[in-house]
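Below: the structure, in structure tokens.
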Amino acid sequence: MNDVIAALVRRHDPDRFLTALFAPPERRDALLTLYAFNHELARAREVASEPPLALIRLQWWREVVEGETKRHEVASPLSAAIAAGALNPAHLLPIIEARETEVYGDFDTLADWRAWLLAGAGGLTVAAASALGIPAPEALRPFGAGYGVAGILRATGVLASRGTCFLPRDLLARYGLSPEAFIDDPGSQPARAALDDVVREGRAFLADAGKIRVPLAAVAAALPAVLARA
């Protein structure tokens with residue numbers, strides 16, 4: 001196991017670190033490298049002072065996935081995993097695209113929002129299932145989307161304190177809210193009602209996931225959804 005990658009994931013993404021331990025030992029490094037890559041993508045928005053700067057950071061990672069060699073504690077093992085066939089660039093690029101959408105965090109419709117979750121958090125689970133050698137990883141996409149909704153709910157207060165709202169405008173409008181109004185008071189009664197709708201959306205993703213028979217080899221990729229249910 002790559003100790004640097006393992007320590008990074010354990011520190012910044014403890015849920016996925018725990019579930020990765022259920023992966024076969026020979027697949028675990030690739031899975032942890034994928035999760036470290038996802039953390040770096042998330043940091044692109046968190047550390048950049050302006051959206052264009054976040055997009056520049058994401059472009060840097062796109063270049064790595066597309067084959068450019070760069071020395072970095074995550075980029076180097078990522079390139080090695082791609083070169084070895086352990087990670088598939090075709091599954092990684094859509095995750096970057098979802099993060100690019102996330103930079104501005106402005107979703108007009110619930111349909112747009114669902115598509116973003118399925119592409120981003122859902123796409124990460126697809127990539128994880130692929131890293132575990134599953135021939136049809138697309139089936140696991142709702143597991144990741146459900147976990148993604150749980151992540152939004154868990155981080156709502158922190159996001160609002162940073163001036164960010166990841167909820168779609170049409171859902172907020174049901175309760176007379178705009179993203180700006182939600183950010184101003186995420187604990188208000190209308191905001192809580194909107195979040196109740198978000199909970200229902202997450203449960204719907206998990207209900208879809210519950211209809212899918214998960215191959216034993218893919219359990220580590222699907223396990224974060226168990227934590228989302230909690």
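By order of appearance in the structure tokens: chains A, B, ..., then residues from 1 within every chain, and ligands from 1 in the order shown.
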
- Exercise: range 21-27 of chain A partners within 9 Å, only C-alpha atoms, chain neighbours under 5 positions left out, as a count of residues only: 13

- Rank nothing, just name the residue among A:Ser76, A:Ser130, A:Tyr104, A:Asp13 nearest to Gly151 in chain A, using only C-alpha atoms. A:Asp13

- Note on the structure: Using only C-alpha atoms, the residue out of A:His91, A:His72, A:Arg99, A:Arg10 with shortest distance to Val126 in chain A is A:His91

Between range 160-185 of chain A and range 37-51 of chain A, at 12 Å or less, what are the per-residue closest atom pairs and their distances in Å? Count only C-alpha atoms, order by chain and rising residue number, and return it as a Markdown table.
| residue | atom | partner | partner_atom | distance |
| --- | --- | --- | --- | --- |
| A:Arg162 | CA | A:Glu46 | CA | 9.3 |
| A:Gly163 | CA | A:Glu46 | CA | 11.6 |
| A:Thr164 | CA | A:Glu46 | CA | 10.6 |

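Relative to CA of Ala7 in chain A, CA of Ile82 in chain A is found at 20.7 Å.
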
- Counting only C-alpha atoms, which of A:Lys70, A:Leu153, A:Phe205, A:Pro14 gets nearest to Arg114 in chain A?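 Among A:Lys70, A:Leu153, A:Phe205, A:Pro14, it is A:Phe205 that comes nearest to Arg114 in chain A.
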
Neighbouring residues of Ile95 in chain A were defined as those with any atom within 8 Å, considering only C-alpha atoms; residues of the same chain fewer than 2 positions away were excluded. Please report them as an mmCIF file with N, CA and C atoms, in the first residue's frame.
data_model
loop_
_atom_site.group_PDB
_atom_site.id
_atom_site.type_symbol
_atom_site.label_atom_id
_atom_site.label_comp_id
_atom_site.auth_asym_id
_atom_site.auth_seq_id
_atom_site.Cartn_x
_atom_site.Cartn_y
_atom_site.Cartn_z
ATOM 1 N N HIS A 91 -13.267 6.991 -17.262
ATOM 2 C CA HIS A 91 -14.102 7.140 -16.071
ATOM 3 C C HIS A 91 -13.663 8.317 -15.208
ATOM 4 N N LEU A 92 -12.437 8.781 -15.402
ATOM 5 C CA LEU A 92 -11.926 9.889 -14.586
ATOM 6 C C LEU A 92 -12.295 11.262 -15.151
ATOM 7 N N LEU A 93 -12.291 11.390 -16.460
ATOM 8 C CA LEU A 93 -12.565 12.693 -17.070
ATOM 9 C C LEU A 93 -13.966 13.220 -16.744
ATOM 10 N N GLU A 97 -15.165 16.885 -15.151
ATOM 11 C CA GLU A 97 -16.200 17.730 -15.748
ATOM 12 C C GLU A 97 -17.260 18.105 -14.717
ATOM 13 N N ALA A 98 -17.635 17.149 -13.864
ATOM 14 C CA ALA A 98 -18.618 17.444 -12.815
ATOM 15 C C ALA A 98 -18.063 18.462 -11.827
ATOM 16 N N ARG A 99 -16.778 18.358 -11.520
ATOM 17 C CA ARG A 99 -16.157 19.340 -10.627
ATOM 18 C C ARG A 99 -16.108 20.721 -11.272
ATOM 19 N N ALA A 119 -23.147 12.326 -12.263
ATOM 20 C CA ALA A 119 -21.876 12.403 -12.985
ATOM 21 C C ALA A 119 -20.688 12.479 -12.032
ATOM 22 N N GLY A 120 -20.816 13.236 -10.956
ATOM 23 C CA GLY A 120 -19.707 13.469 -10.041
ATOM 24 C C GLY A 120 -19.559 12.373 -9.003
ATOM 25 N N ALA A 121 -20.364 12.435 -7.947
ATOM 26 C CA ALA A 121 -20.297 11.409 -6.901
ATOM 27 C C ALA A 121 -20.641 10.035 -7.476
ATOM 28 N N GLY A 123 -20.203 9.158 -10.619
ATOM 29 C CA GLY A 123 -19.099 8.789 -11.492
ATOM 30 C C GLY A 123 -17.905 8.269 -10.720
ATOM 31 N N LEU A 124 -17.687 8.791 -9.517
ATOM 32 C CA LEU A 124 -16.592 8.292 -8.685
ATOM 33 C C LEU A 124 -16.834 6.826 -8.322
#

- If you run DSSP on the backbone, which residues of range 110-159 of chain A are alpha helix (DSSP H), as JSON, numbers by chain? {"A": [110, 111, 112, 113, 114, 115, 116, 117, 118, 119, 121, 122, 123, 124, 125, 126, 127, 128, 129, 130, 131, 141, 142, 143, 144, 145, 146, 147, 148, 149, 150, 151, 152, 153, 154, 155, 156, 157, 158, 159]}

Saved selection, atoms kept: C-alpha atoms, as a PDB file, in the first residue's frame:
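Contents of the output file selection-v3.pdb:
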ATOM      1  CA  LEU A 110     -33.551  19.728 -10.013  1.00  0.00           C
ATOM      2  CA  ALA A 111     -32.825  17.770 -13.179  1.00  0.00           C
ATOM      3  CA  ASP A 112     -29.506  19.628 -13.598  1.00  0.00           C
ATOM      4  CA  TRP A 113     -28.660  18.940  -9.965  1.00  0.00           C
ATOM      5  CA  ARG A 114     -29.442  15.234 -10.219  1.00  0.00           C
ATOM      6  CA  ALA A 115     -27.338  14.970 -13.382  1.00  0.00           C
ATOM      7  CA  TRP A 116     -24.415  16.632 -11.594  1.00  0.00           C
ATOM      8  CA  LEU A 117     -24.631  14.186  -8.682  1.00  0.00           C
ATOM      9  CA  LEU A 118     -24.864  11.175 -10.974  1.00  0.00           C
ATOM     10  CA  ALA A 119     -21.876  12.403 -12.985  1.00  0.00           C
ATOM     11  CA  ALA A 121     -20.297  11.409  -6.901  1.00  0.00           C
ATOM     12  CA  GLY A 122     -21.954   8.731  -9.022  1.00  0.00           C
ATOM     13  CA  GLY A 123     -19.099   8.789 -11.492  1.00  0.00           C
ATOM     14  CA  LEU A 124     -16.592   8.292  -8.685  1.00  0.00           C
ATOM     15  CA  THR A 125     -18.375   5.091  -7.710  1.00  0.00           C
ATOM     16  CA  VAL A 126     -18.349   3.958 -11.338  1.00  0.00           C
ATOM     17  CA  ALA A 127     -14.587   4.572 -11.460  1.00  0.00           C
ATOM     18  CA  ALA A 128     -14.175   2.708  -8.164  1.00  0.00           C
ATOM     19  CA  ALA A 129     -16.124  -0.289  -9.426  1.00  0.00           C
ATOM     20  CA  SER A 130     -14.031  -0.274 -12.588  1.00  0.00           C
ATOM     21  CA  ALA A 131     -10.853  -0.183 -10.484  1.00  0.00           C
ATOM     22  CA  ARG A 141     -23.824   5.042 -10.222  1.00  0.00           C
ATOM     23  CA  PRO A 142     -26.860   5.594  -7.894  1.00  0.00           C
ATOM     24  CA  PHE A 143     -24.828   4.382  -4.913  1.00  0.00           C
ATOM     25  CA  GLY A 144     -22.403   7.260  -5.351  1.00  0.00           C
ATOM     26  CA  ALA A 145     -25.129   9.812  -6.028  1.00  0.00           C
ATOM     27  CA  GLY A 146     -26.858   8.863  -2.779  1.00  0.00           C
ATOM     28  CA  TYR A 147     -23.624   9.307  -0.873  1.00  0.00           C
ATOM     29  CA  GLY A 148     -23.122  12.640  -2.638  1.00  0.00           C
ATOM     30  CA  VAL A 149     -26.465  13.912  -1.345  1.00  0.00           C
ATOM     31  CA  ALA A 150     -25.479  12.874   2.184  1.00  0.00           C
ATOM     32  CA  GLY A 151     -22.252  14.835   1.766  1.00  0.00           C
ATOM     33  CA  ILE A 152     -24.150  17.964   0.753  1.00  0.00           C
ATOM     34  CA  LEU A 153     -26.450  17.645   3.761  1.00  0.00           C
ATOM     35  CA  ARG A 154     -23.509  17.134   6.099  1.00  0.00           C
ATOM     36  CA  ALA A 155     -21.630  20.156   4.731  1.00  0.00           C
ATOM     37  CA  THR A 156     -24.548  22.565   4.292  1.00  0.00           C
ATOM     38  CA  GLY A 157     -23.590  24.845   7.170  1.00  0.00           C
ATOM     39  CA  VAL A 158     -19.918  24.991   6.196  1.00  0.00           C
ATOM     40  CA  LEU A 159     -20.778  25.660   2.563  1.00  0.00           C
TER      41      LEU A 159
END

- Message: Give me, as a list in words, all polymer residues having an atom no more than 12 Å from Leu171 in chain A, counting only C-alpha atoms and skipping those fewer than 3 positions away in the same chain.
- Response: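 What passes the distance filter is Phe107, Asp108, Thr109, Leu110, Ala111, Asp112, Trp113, Arg114, Phe166, Leu167, Pro168, Arg174, Tyr175, Gly176, Leu177, Ser178, Pro179, Phe182, Pro190, Ala191, Ala193, Ala194, Leu195, Asp196, Asp197, Val198, Arg200 and Glu201 of chain A.
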
- Task: For CA of Ala225 in chain A and CA of Asn2 in chain A, quote the distance in Å rounded to one decimal.
- Result: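 Result for CA of Ala225 in chain A versus CA of Asn2 in chain A: 25.3 Å, one decimal.
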
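Between CA of Asp208 in chain A and CA of Pro94 in chain A lies a distance of 21.3 Å.
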
- Query: So, counting only C-alpha atoms, which residue among A:Arg71, A:Ile183, A:Ile134, A:Gln189 is closest to Ala222 in chain A?
  - Reply: A:Ile134

- Determine the nearest neighbour of His12 in chain A from the options A:Leu31, A:Ala36, A:Cys165, A:Asp170, counting only C-alpha atoms.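 For His12 in chain A, the nearest of the candidates is A:Ala36.
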
- Can you pull out every residue within 7 Å of Val65 in chain A, counting only C-alpha atoms, but drop anything in the same chain fewer than 4 positions away, and send it as a list in words? Trp61, Ser79 and Pro89 of chain A

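Among A:Leu58, A:Ala81, A:Glu73, A:Pro215, the residue with the shortest atom-to-atom distance to Pro135 in chain A, counting only C-alpha atoms, is A:Pro215.
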
- Message: For Asp15 in chain A, find every residue with an atom within 10 Å (counting only C-alpha atoms), except residues of its own chain fewer than 5 positions away, and show them as number ranges by chain.
- Response: A: 9-10, 20, 223-224, 227-228

Would you mind exporting the chosen residues as a PDB file, in the first residue's frame, restricted to N, CA, C and O atoms?
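Resulting contents of part-v6.pdb:
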ATOM      1  N   VAL A   9      -5.872   9.888   2.216  1.00  0.00           N
ATOM      2  CA  VAL A   9      -7.297   9.520   2.158  1.00  0.00           C
ATOM      3  C   VAL A   9      -7.857   9.326   3.562  1.00  0.00           C
ATOM      4  O   VAL A   9      -8.983   9.760   3.863  1.00  0.00           O
ATOM      5  N   ARG A  10      -7.095   8.681   4.421  1.00  0.00           N
ATOM      6  CA  ARG A  10      -7.568   8.468   5.794  1.00  0.00           C
ATOM      7  C   ARG A  10      -7.841   9.802   6.489  1.00  0.00           C
ATOM      8  O   ARG A  10      -8.813   9.945   7.244  1.00  0.00           O
ATOM      9  N   ALA A  20     -12.547   1.315   1.553  1.00  0.00           N
ATOM     10  CA  ALA A  20     -11.509   0.781   0.663  1.00  0.00           C
ATOM     11  C   ALA A  20     -10.792  -0.412   1.282  1.00  0.00           C
ATOM     12  O   ALA A  20     -10.236  -1.258   0.563  1.00  0.00           O
ATOM     13  N   LEU A 223     -20.083   0.410  -0.648  1.00  0.00           N
ATOM     14  CA  LEU A 223     -20.250   0.572   0.795  1.00  0.00           C
ATOM     15  C   LEU A 223     -20.499   2.008   1.271  1.00  0.00           C
ATOM     16  O   LEU A 223     -21.211   2.192   2.262  1.00  0.00           O
ATOM     17  N   PRO A 224     -19.946   3.051   0.638  1.00  0.00           N
ATOM     18  CA  PRO A 224     -20.269   4.403   1.125  1.00  0.00           C
ATOM     19  C   PRO A 224     -21.765   4.681   1.172  1.00  0.00           C
ATOM     20  O   PRO A 224     -22.215   5.479   2.002  1.00  0.00           O
ATOM     21  N   LEU A 227     -23.182   4.114   4.551  1.00  0.00           N
ATOM     22  CA  LEU A 227     -22.978   5.249   5.453  1.00  0.00           C
ATOM     23  C   LEU A 227     -23.960   6.377   5.124  1.00  0.00           C
ATOM     24  O   LEU A 227     -24.415   7.085   6.041  1.00  0.00           O
ATOM     25  N   ALA A 228     -24.299   6.538   3.847  1.00  0.00           N
ATOM     26  CA  ALA A 228     -25.255   7.591   3.463  1.00  0.00           C
ATOM     27  C   ALA A 228     -26.616   7.327   4.065  1.00  0.00           C
ATOM     28  O   ALA A 228     -27.310   8.270   4.483  1.00  0.00           O
TER      29      ALA A 228
END
